[in-house]
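Okay, so here's the structure we're looking at.
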Amino acid sequence: MSTADFQPLDSGRVPRFAGPSTFMRLPMVRPEQVDIALVGIPFDSGTTNRPGARHGPREVRNQSSLVRRVHHVSGASPFDLARVGDCGDVPLSPLDLNGSLETISSFFAGVRQAGAKPLSVGGDHLVTLPILRGIVADGPVGLIQIDAHSDTYDEFFGNRYNHGTLFRRAVEEGLLDPKRIVQIGIRGSISDARNYDFAREAGIRIIFIEEFVARGVESVMAEARSIVGQSPTYISFDIDALDPSFAPGTGTPEIGGLTTREAQQMIRALSGLNIVGADLVEVSPPFDPSGMTALTGATLLFELLCVMVGAQAPWYSAAENPGVTTSDSD
Ligand code: MN
Ligand code: MN
């Protein structure tokens, strides 16, 4: 089927405040039907302190009704370059952490077997571990992680599987190549001066916010690109990488963070990498009374989608790819 069957609702026919709440007003689909599977993971059982990210997918869907079709920099519509649809939420029990991890990984194994690439909305950051278990089949992949936190602790409360430990587990399980991991935006008080020892000793490149500010987006992203190279790479965006003045709706806010404009520039700089999947995690609507964090998450999701399908590529020509015509006017 062509991309014409996988377009957002035409806002000239169904206004943005109407219609079902799906990611970017796309049709509900099965992974077999699409190239990019948008998936919600309403899970926050991996949260160590302030919960609420289980409500993230629904609110990001709601705010994503404001996302239009065409990226204003490239002039491209990601919906004309790939078949994209909303595959719904992974069905989970909030009372069963271990069972949920198994359900998530088998769901994402199904996405991989269907030939689709996942673009997911959490959920707390632990969801990235079972996503990787589901989609990594041919040896470890690289990772660009934009986050205030390294998430490479060993355990909390004697528990090894939570949103502060997942990248350590992913390295131990051979899902990620630590020499091809870049963490950007790391900051905040830590419980022990040795908290980053595991990451450093494993060869993970940590770019603290201070270095990021000193060097700027272009230099940092050029280094990130060279570390992951052209081998398969996963992108994980924790919304708490942003300054809480932009994104207060998250469980572990840290001041002194990225601006939304920097985040957009960073994602656009991923153009041309070999991206096997991506996620946007830790939007917690109960801490987000204005809805701004969910809107920010929805907009960054669109940026991630554009970069995954080549709608950010410098060689893209809107003139050669006129795409689908709609009566969208807002
Ligand atoms: Mn995180
Ligand atoms: Mn974080």
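Residue names in the structure tokens use chain letters A, B, ... in the order shown, residue numbers from 1 in each chain, and ligand numbers from 1 in the order shown.
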Self-check item: Selection: 10 Å around range 268-271 of chain A, only C-alpha atoms, excl. self and same-chain fewer than 2 positions, as a PyMOL selection string
Solution: chain A and resi 73+144+217-218+220-222+224-225+235+262-266+273-275+303-304+306-314
Practice problem: May I have all residues of range 187-297 of chain A that DSSP, computed from the backbone, assigns to helix (DSSP H, G or I), given as a PyMOL selection string? | Solution: chain A and resi 197-202+209-215+217-228+239-241+260-268+285-287+292-297
Closest contacts (chain A/ligand 1, max 7 Å, only C-alpha atoms and all ligand atoms) as a tab-separated table:
```
residue	atom	partner	partner_atom_place_in_ligand_line	distance
A:His125	CA	ligand 1	1 (Mn)	5.1
A:Asp147	CA	ligand 1	1 (Mn)	5.5
A:Ala148	CA	ligand 1	1 (Mn)	6.9
A:His149	CA	ligand 1	1 (Mn)	5.5
A:Ser150	CA	ligand 1	1 (Mn)	6.7
A:Asp151	CA	ligand 1	1 (Mn)	5.6
A:His163	CA	ligand 1	1 (Mn)	6.4
A:Gly164	CA	ligand 1	1 (Mn)	6.7
A:Asp238	CA	ligand 1	1 (Mn)	5.1
```
Restricted to C-alpha atoms, what would the selected residues look like written as a CSV table (one decimal), in the first residue's frame?
```csv
chain,number,residue,atom,x,y,z
A,125,HIS,CA,12.9,5.0,31.0
A,147,ASP,CA,19.1,12.7,29.2
A,148,ALA,CA,19.9,14.5,32.5
A,149,HIS,CA,20.9,11.2,33.9
A,150,SER,CA,23.2,8.4,32.9
A,151,ASP,CA,20.8,5.6,34.1
A,163,HIS,CA,14.6,3.6,35.2
A,164,GLY,CA,18.0,4.4,36.8
A,238,ASP,CA,14.5,11.4,28.1
```
Quiz prompt | Protein and nucleic acid residues within 12 Å of ligand 2 (only C-alpha atoms and all ligand atoms) as a ChimeraX atom specification | solution = /A:47-49,124-126,145-152,162-167,183-188,236-244,247,250-255,257,280-283
Near-Ala202 in chain A list (10 Å; only C-alpha atoms; drop same-chain fewer than 5 positions) as a CSV table (one decimal) with C-alpha atoms, in the first residue's frame:
```csv
chain,number,residue,atom,x,y,z
A,168,ARG,CA,23.8,-0.8,32.6
A,171,VAL,CA,25.3,-3.2,28.2
A,172,GLU,CA,25.6,-6.3,30.4
A,177,ASP,CA,28.0,-1.6,22.5
A,178,PRO,CA,29.3,0.7,25.3
A,179,LYS,CA,32.0,2.0,23.0
A,181,ILE,CA,27.1,4.9,23.5
A,197,ASP,CA,32.4,4.9,37.3
```
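Every protein, DNA or RNA residue with an atom at most 8 Å from Asp288 in chain A, where only C-alpha atoms count and chain neighbours fewer than 3 positions away do not, is listed here: Ala247, Pro248, Gly249, Thr250, Ser284, Pro285, Gly291, Met292, Thr293 and Ala294 of chain A.
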May I have the residues within 10 Å of Leu101 in chain A as a PDB file with N, CA and C atoms, in the first residue's frame, using only C-alpha atoms and disregarding those fewer than 2 positions away in the same chain?
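Final output, saved to result33.pdb:
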```pdb
ATOM      1  N   PHE A  43       3.581   2.730  31.066  1.00  0.00           N
ATOM      2  CA  PHE A  43       4.250   1.933  32.109  1.00  0.00           C
ATOM      3  C   PHE A  43       5.102   2.853  32.962  1.00  0.00           C
ATOM      4  N   SER A  45       6.161   1.429  36.257  1.00  0.00           N
ATOM      5  CA  SER A  45       6.519   0.574  37.395  1.00  0.00           C
ATOM      6  C   SER A  45       8.031   0.529  37.630  1.00  0.00           C
ATOM      7  N   GLY A  46       8.809   1.139  36.721  1.00  0.00           N
ATOM      8  CA  GLY A  46      10.259   1.220  36.919  1.00  0.00           C
ATOM      9  C   GLY A  46      10.684   2.526  37.562  1.00  0.00           C
ATOM     10  N   LEU A  92      -0.479  -3.768  29.182  1.00  0.00           N
ATOM     11  CA  LEU A  92       0.360  -4.027  30.352  1.00  0.00           C
ATOM     12  C   LEU A  92      -0.476  -4.059  31.624  1.00  0.00           C
ATOM     13  N   ASP A  96       2.407  -5.735  37.599  1.00  0.00           N
ATOM     14  CA  ASP A  96       3.281  -6.859  37.270  1.00  0.00           C
ATOM     15  C   ASP A  96       4.490  -6.351  36.482  1.00  0.00           C
ATOM     16  N   LEU A  97       5.545  -5.978  37.209  1.00  0.00           N
ATOM     17  CA  LEU A  97       6.712  -5.397  36.551  1.00  0.00           C
ATOM     18  C   LEU A  97       7.386  -6.418  35.632  1.00  0.00           C
ATOM     19  N   ASN A  98       7.695  -7.598  36.162  1.00  0.00           N
ATOM     20  CA  ASN A  98       8.430  -8.577  35.347  1.00  0.00           C
ATOM     21  C   ASN A  98       7.608  -9.033  34.150  1.00  0.00           C
ATOM     22  N   GLY A  99       6.312  -9.248  34.372  1.00  0.00           N
ATOM     23  CA  GLY A  99       5.451  -9.646  33.267  1.00  0.00           C
ATOM     24  C   GLY A  99       5.364  -8.556  32.211  1.00  0.00           C
ATOM     25  N   THR A 103       6.167  -8.696  28.239  1.00  0.00           N
ATOM     26  CA  THR A 103       5.148  -8.317  27.248  1.00  0.00           C
ATOM     27  C   THR A 103       5.697  -7.259  26.292  1.00  0.00           C
ATOM     28  N   ILE A 104       6.428  -6.292  26.847  1.00  0.00           N
ATOM     29  CA  ILE A 104       6.979  -5.235  25.991  1.00  0.00           C
ATOM     30  C   ILE A 104       7.995  -5.830  25.018  1.00  0.00           C
ATOM     31  N   SER A 105       8.892  -6.683  25.510  1.00  0.00           N
ATOM     32  CA  SER A 105       9.912  -7.196  24.596  1.00  0.00           C
ATOM     33  C   SER A 105       9.283  -8.075  23.522  1.00  0.00           C
ATOM     34  N   SER A 106       8.266  -8.870  23.861  1.00  0.00           N
ATOM     35  CA  SER A 106       7.685  -9.677  22.784  1.00  0.00           C
ATOM     36  C   SER A 106       6.887  -8.809  21.810  1.00  0.00           C
ATOM     37  N   PHE A 107       6.258  -7.736  22.297  1.00  0.00           N
ATOM     38  CA  PHE A 107       5.576  -6.814  21.385  1.00  0.00           C
ATOM     39  C   PHE A 107       6.569  -6.241  20.374  1.00  0.00           C
ATOM     40  N   LEU A 126      12.741   2.788  31.946  1.00  0.00           N
ATOM     41  CA  LEU A 126      12.987   1.338  31.932  1.00  0.00           C
ATOM     42  C   LEU A 126      12.452   0.692  30.656  1.00  0.00           C
ATOM     43  N   VAL A 127      11.442   1.299  30.029  1.00  0.00           N
ATOM     44  CA  VAL A 127      10.851   0.665  28.833  1.00  0.00           C
ATOM     45  C   VAL A 127      11.881   0.462  27.724  1.00  0.00           C
ATOM     46  N   THR A 128      12.938   1.271  27.716  1.00  0.00           N
ATOM     47  CA  THR A 128      13.926   1.122  26.639  1.00  0.00           C
ATOM     48  C   THR A 128      14.623  -0.241  26.706  1.00  0.00           C
ATOM     49  N   LEU A 129      14.765  -0.811  27.904  1.00  0.00           N
ATOM     50  CA  LEU A 129      15.432  -2.120  28.019  1.00  0.00           C
ATOM     51  C   LEU A 129      14.648  -3.215  27.282  1.00  0.00           C
ATOM     52  N   PRO A 130      13.350  -3.401  27.581  1.00  0.00           N
ATOM     53  CA  PRO A 130      12.631  -4.441  26.819  1.00  0.00           C
ATOM     54  C   PRO A 130      12.438  -4.094  25.341  1.00  0.00           C
ATOM     55  N   ILE A 131      12.415  -2.797  24.990  1.00  0.00           N
ATOM     56  CA  ILE A 131      12.377  -2.467  23.551  1.00  0.00           C
ATOM     57  C   ILE A 131      13.631  -3.025  22.884  1.00  0.00           C
ATOM     58  N   ARG A 133      15.587  -5.410  23.934  1.00  0.00           N
ATOM     59  CA  ARG A 133      15.546  -6.881  23.918  1.00  0.00           C
ATOM     60  C   ARG A 133      14.728  -7.381  22.734  1.00  0.00           C
ATOM     61  N   TYR A 161      16.168  -3.692  38.062  1.00  0.00           N
ATOM     62  CA  TYR A 161      15.452  -3.319  36.834  1.00  0.00           C
ATOM     63  C   TYR A 161      14.545  -2.130  37.105  1.00  0.00           C
TER      64      TYR A 161
END
```
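Counting only C-alpha atoms and comparing A:Val111, A:Val182, A:Ala298, A:Ala137, the residue that lies closest to Met24 in chain A is A:Ala298.
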Self-check item: For CA of Gly139 in chain A and CA of Pro232 in chain A, the interatomic separation in Å (one decimal)
Solution: 9.6 Å
Self-check item: Residue contacts of range 32-37 of chain A (7 Å, only C-alpha atoms) excluding same-chain residues fewer than 2 positions away, as a ChimeraX atom specification
Solution: /A:29-30,39,82-87,114-119
Go ahead and dump the residues you just picked, N, CA and C atoms, as a PDB file, in the first residue's frame.
```pdb
ATOM      1  N   VAL A  29      -3.069   1.126  13.177  1.00  0.00           N
ATOM      2  CA  VAL A  29      -2.574   0.106  12.246  1.00  0.00           C
ATOM      3  C   VAL A  29      -1.972  -1.066  13.019  1.00  0.00           C
ATOM      4  N   ARG A  30      -1.657  -2.117  12.270  1.00  0.00           N
ATOM      5  CA  ARG A  30      -0.821  -3.200  12.783  1.00  0.00           C
ATOM      6  C   ARG A  30       0.601  -2.987  12.250  1.00  0.00           C
ATOM      7  N   VAL A  39       4.299   3.564  18.871  1.00  0.00           N
ATOM      8  CA  VAL A  39       3.817   2.674  19.923  1.00  0.00           C
ATOM      9  C   VAL A  39       3.807   3.421  21.252  1.00  0.00           C
ATOM     10  N   ALA A  82       7.263   7.586   4.100  1.00  0.00           N
ATOM     11  CA  ALA A  82       7.163   6.258   4.718  1.00  0.00           C
ATOM     12  C   ALA A  82       5.730   6.051   5.169  1.00  0.00           C
ATOM     13  N   ARG A  83       5.383   4.791   5.313  1.00  0.00           N
ATOM     14  CA  ARG A  83       4.072   4.463   5.884  1.00  0.00           C
ATOM     15  C   ARG A  83       4.213   4.497   7.403  1.00  0.00           C
ATOM     16  N   VAL A  84       3.454   5.389   8.022  1.00  0.00           N
ATOM     17  CA  VAL A  84       3.560   5.597   9.467  1.00  0.00           C
ATOM     18  C   VAL A  84       2.168   5.444  10.064  1.00  0.00           C
ATOM     19  N   GLY A  85       2.062   4.756  11.183  1.00  0.00           N
ATOM     20  CA  GLY A  85       0.756   4.618  11.831  1.00  0.00           C
ATOM     21  C   GLY A  85       0.894   4.391  13.320  1.00  0.00           C
ATOM     22  N   ASP A  86      -0.240   4.490  13.994  1.00  0.00           N
ATOM     23  CA  ASP A  86      -0.288   4.313  15.450  1.00  0.00           C
ATOM     24  C   ASP A  86      -0.657   2.862  15.745  1.00  0.00           C
ATOM     25  N   CYS A  87       0.265   2.140  16.345  1.00  0.00           N
ATOM     26  CA  CYS A  87       0.030   0.726  16.679  1.00  0.00           C
ATOM     27  C   CYS A  87      -0.576   0.547  18.059  1.00  0.00           C
ATOM     28  N   ALA A 114       7.795  -7.836  11.822  1.00  0.00           N
ATOM     29  CA  ALA A 114       6.887  -7.265  10.823  1.00  0.00           C
ATOM     30  C   ALA A 114       7.642  -6.361   9.842  1.00  0.00           C
ATOM     31  N   GLY A 115       8.917  -6.097  10.125  1.00  0.00           N
ATOM     32  CA  GLY A 115       9.707  -5.261   9.219  1.00  0.00           C
ATOM     33  C   GLY A 115       9.550  -3.778   9.464  1.00  0.00           C
ATOM     34  N   ALA A 116       8.961  -3.405  10.602  1.00  0.00           N
ATOM     35  CA  ALA A 116       8.782  -1.980  10.927  1.00  0.00           C
ATOM     36  C   ALA A 116       9.851  -1.541  11.923  1.00  0.00           C
ATOM     37  N   LYS A 117      10.132  -0.239  11.913  1.00  0.00           N
ATOM     38  CA  LYS A 117      11.001   0.344  12.930  1.00  0.00           C
ATOM     39  C   LYS A 117      10.122   1.035  13.972  1.00  0.00           C
ATOM     40  N   PRO A 118      10.411   0.833  15.260  1.00  0.00           N
ATOM     41  CA  PRO A 118       9.562   1.432  16.288  1.00  0.00           C
ATOM     42  C   PRO A 118       9.991   2.846  16.674  1.00  0.00           C
ATOM     43  N   LEU A 119       8.995   3.688  16.868  1.00  0.00           N
ATOM     44  CA  LEU A 119       9.182   5.010  17.463  1.00  0.00           C
ATOM     45  C   LEU A 119       8.176   5.065  18.610  1.00  0.00           C
TER      46      LEU A 119
END
```
Please, which residues of range 188-255 of chain A, numbered as in this document, come out strand (DSSP E or B) from DSSP, as a PDB file with N, CA and C atoms, in the first residue's frame?
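So the final result, stored in result-v4.pdb, reads:
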```
ATOM      1  N   ARG A 205      30.725   7.367  26.402  1.00  0.00           N
ATOM      2  CA  ARG A 205      31.104   8.781  26.328  1.00  0.00           C
ATOM      3  C   ARG A 205      30.002   9.604  26.987  1.00  0.00           C
ATOM      4  N   ILE A 206      30.326  10.221  28.122  1.00  0.00           N
ATOM      5  CA  ILE A 206      29.367  11.081  28.821  1.00  0.00           C
ATOM      6  C   ILE A 206      29.703  12.530  28.505  1.00  0.00           C
ATOM      7  N   ILE A 207      28.747  13.251  27.942  1.00  0.00           N
ATOM      8  CA  ILE A 207      28.924  14.681  27.679  1.00  0.00           C
ATOM      9  C   ILE A 207      28.021  15.431  28.650  1.00  0.00           C
ATOM     10  N   PHE A 208      28.643  15.924  29.720  1.00  0.00           N
ATOM     11  CA  PHE A 208      27.881  16.656  30.728  1.00  0.00           C
ATOM     12  C   PHE A 208      27.381  17.967  30.132  1.00  0.00           C
ATOM     13  N   THR A 233      22.007   2.068  15.149  1.00  0.00           N
ATOM     14  CA  THR A 233      22.026   2.946  16.327  1.00  0.00           C
ATOM     15  C   THR A 233      20.601   3.212  16.792  1.00  0.00           C
ATOM     16  N   TYR A 234      20.424   3.197  18.107  1.00  0.00           N
ATOM     17  CA  TYR A 234      19.134   3.506  18.717  1.00  0.00           C
ATOM     18  C   TYR A 234      19.205   4.904  19.323  1.00  0.00           C
ATOM     19  N   ILE A 235      18.081   5.623  19.281  1.00  0.00           N
ATOM     20  CA  ILE A 235      18.016   6.973  19.840  1.00  0.00           C
ATOM     21  C   ILE A 235      17.031   6.963  21.010  1.00  0.00           C
ATOM     22  N   SER A 236      17.474   7.461  22.161  1.00  0.00           N
ATOM     23  CA  SER A 236      16.581   7.520  23.321  1.00  0.00           C
ATOM     24  C   SER A 236      16.589   8.929  23.891  1.00  0.00           C
ATOM     25  N   PHE A 237      15.409   9.546  23.906  1.00  0.00           N
ATOM     26  CA  PHE A 237      15.289  10.934  24.366  1.00  0.00           C
ATOM     27  C   PHE A 237      14.462  10.947  25.646  1.00  0.00           C
ATOM     28  N   ASP A 238      15.130  11.222  26.772  1.00  0.00           N
ATOM     29  CA  ASP A 238      14.451  11.380  28.063  1.00  0.00           C
ATOM     30  C   ASP A 238      14.087  12.859  28.193  1.00  0.00           C
ATOM     31  N   LEU A 242      15.613  18.173  28.963  1.00  0.00           N
ATOM     32  CA  LEU A 242      15.226  19.577  28.812  1.00  0.00           C
ATOM     33  C   LEU A 242      15.221  20.269  30.168  1.00  0.00           C
TER      34      LEU A 242
END
```
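Picture a line from CA of Phe212 in chain A to CA of Gly256 in chain A; it runs 11.4 Å.
Excluding range 6-13 of chain A itself and same-chain residues fewer than 2 positions from it, the residues having an atom within 6 Å of it are Thr3, Ala4, Pro15, Arg16, Arg25, Leu26, Arg83, Ser327 and Asp328 of chain A, counting only C-alpha atoms.
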Keeping only all heavy atoms, write the selected residues to a file as a PDB file, in the first residue's frame.
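Below you can see selection-v1.pdb, which holds the result:
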```
ATOM      1  N   THR A   3       1.760   5.393   0.662  1.00  0.00           N
ATOM      2  CA  THR A   3       1.659   6.275   1.831  1.00  0.00           C
ATOM      3  C   THR A   3       0.325   7.008   1.874  1.00  0.00           C
ATOM      4  O   THR A   3      -0.059   7.514   2.917  1.00  0.00           O
ATOM      5  CB  THR A   3       2.803   7.304   1.823  1.00  0.00           C
ATOM      6  OG1 THR A   3       2.749   8.029   0.589  1.00  0.00           O
ATOM      7  CG2 THR A   3       4.152   6.638   1.969  1.00  0.00           C
ATOM      8  N   ALA A   4      -0.388   7.050   0.751  1.00  0.00           N
ATOM      9  CA  ALA A   4      -1.680   7.758   0.731  1.00  0.00           C
ATOM     10  C   ALA A   4      -2.671   7.171   1.745  1.00  0.00           C
ATOM     11  O   ALA A   4      -3.568   7.864   2.225  1.00  0.00           O
ATOM     12  CB  ALA A   4      -2.282   7.719  -0.670  1.00  0.00           C
ATOM     13  N   PRO A  15     -11.479  18.860  12.019  1.00  0.00           N
ATOM     14  CA  PRO A  15     -10.612  19.828  12.696  1.00  0.00           C
ATOM     15  C   PRO A  15      -9.771  19.194  13.802  1.00  0.00           C
ATOM     16  O   PRO A  15     -10.078  18.108  14.285  1.00  0.00           O
ATOM     17  CB  PRO A  15     -11.597  20.856  13.261  1.00  0.00           C
ATOM     18  CG  PRO A  15     -12.945  20.241  13.174  1.00  0.00           C
ATOM     19  CD  PRO A  15     -12.901  19.187  12.114  1.00  0.00           C
ATOM     20  N   ARG A  16      -8.699  19.891  14.165  1.00  0.00           N
ATOM     21  CA  ARG A  16      -7.705  19.296  15.064  1.00  0.00           C
ATOM     22  C   ARG A  16      -8.244  18.968  16.444  1.00  0.00           C
ATOM     23  O   ARG A  16      -7.680  18.151  17.153  1.00  0.00           O
ATOM     24  CB  ARG A  16      -6.485  20.215  15.182  1.00  0.00           C
ATOM     25  CG  ARG A  16      -5.753  20.333  13.878  1.00  0.00           C
ATOM     26  CD  ARG A  16      -4.388  20.984  13.954  1.00  0.00           C
ATOM     27  NE  ARG A  16      -3.828  20.978  12.609  1.00  0.00           N
ATOM     28  CZ  ARG A  16      -3.239  19.914  12.050  1.00  0.00           C
ATOM     29  NH1 ARG A  16      -3.043  18.827  12.758  1.00  0.00           N
ATOM     30  NH2 ARG A  16      -2.802  19.961  10.812  1.00  0.00           N
ATOM     31  N   ARG A  25      -2.652  12.143  14.685  1.00  0.00           N
ATOM     32  CA  ARG A  25      -3.912  11.944  13.957  1.00  0.00           C
ATOM     33  C   ARG A  25      -3.774  10.928  12.818  1.00  0.00           C
ATOM     34  O   ARG A  25      -4.477  10.980  11.803  1.00  0.00           O
ATOM     35  CB  ARG A  25      -4.441  13.285  13.434  1.00  0.00           C
ATOM     36  CG  ARG A  25      -4.883  14.202  14.587  1.00  0.00           C
ATOM     37  CD  ARG A  25      -4.963  15.667  14.221  1.00  0.00           C
ATOM     38  NE  ARG A  25      -5.647  16.004  13.005  1.00  0.00           N
ATOM     39  CZ  ARG A  25      -6.969  16.233  12.889  1.00  0.00           C
ATOM     40  NH1 ARG A  25      -7.727  16.171  13.959  1.00  0.00           N
ATOM     41  NH2 ARG A  25      -7.495  16.558  11.729  1.00  0.00           N
ATOM     42  N   LEU A  26      -2.872   9.958  13.027  1.00  0.00           N
ATOM     43  CA  LEU A  26      -2.652   8.914  12.036  1.00  0.00           C
ATOM     44  C   LEU A  26      -3.641   7.776  12.239  1.00  0.00           C
ATOM     45  O   LEU A  26      -4.238   7.642  13.311  1.00  0.00           O
ATOM     46  CB  LEU A  26      -1.215   8.379  12.163  1.00  0.00           C
ATOM     47  CG  LEU A  26      -0.147   9.357  11.667  1.00  0.00           C
ATOM     48  CD1 LEU A  26       1.208   8.988  12.242  1.00  0.00           C
ATOM     49  CD2 LEU A  26      -0.102   9.358  10.132  1.00  0.00           C
ATOM     50  N   ARG A  83       5.383   4.791   5.313  1.00  0.00           N
ATOM     51  CA  ARG A  83       4.072   4.463   5.884  1.00  0.00           C
ATOM     52  C   ARG A  83       4.213   4.497   7.403  1.00  0.00           C
ATOM     53  O   ARG A  83       5.022   3.749   7.968  1.00  0.00           O
ATOM     54  CB  ARG A  83       3.631   3.076   5.423  1.00  0.00           C
ATOM     55  CG  ARG A  83       3.442   2.966   3.898  1.00  0.00           C
ATOM     56  CD  ARG A  83       3.295   1.518   3.471  1.00  0.00           C
ATOM     57  NE  ARG A  83       4.485   0.759   3.861  1.00  0.00           N
ATOM     58  CZ  ARG A  83       4.581  -0.567   3.793  1.00  0.00           C
ATOM     59  NH1 ARG A  83       3.573  -1.288   3.346  1.00  0.00           N
ATOM     60  NH2 ARG A  83       5.695  -1.178   4.172  1.00  0.00           N
ATOM     61  N   SER A 327      -6.547  19.306   2.315  1.00  0.00           N
ATOM     62  CA  SER A 327      -7.139  20.638   2.540  1.00  0.00           C
ATOM     63  C   SER A 327      -6.745  21.189   3.912  1.00  0.00           C
ATOM     64  O   SER A 327      -7.395  22.088   4.419  1.00  0.00           O
ATOM     65  CB  SER A 327      -8.663  20.563   2.381  1.00  0.00           C
ATOM     66  OG  SER A 327      -9.197  19.557   3.213  1.00  0.00           O
ATOM     67  N   ASP A 328      -5.663  20.649   4.512  1.00  0.00           N
ATOM     68  CA  ASP A 328      -5.146  21.186   5.768  1.00  0.00           C
ATOM     69  C   ASP A 328      -4.953  22.704   5.640  1.00  0.00           C
ATOM     70  O   ASP A 328      -4.362  23.174   4.670  1.00  0.00           O
ATOM     71  CB  ASP A 328      -3.762  20.596   6.084  1.00  0.00           C
ATOM     72  CG  ASP A 328      -3.841  19.267   6.791  1.00  0.00           C
ATOM     73  OD1 ASP A 328      -4.951  18.798   7.066  1.00  0.00           O
ATOM     74  OD2 ASP A 328      -2.762  18.684   7.039  1.00  0.00           O
TER      75      ASP A 328
END
```
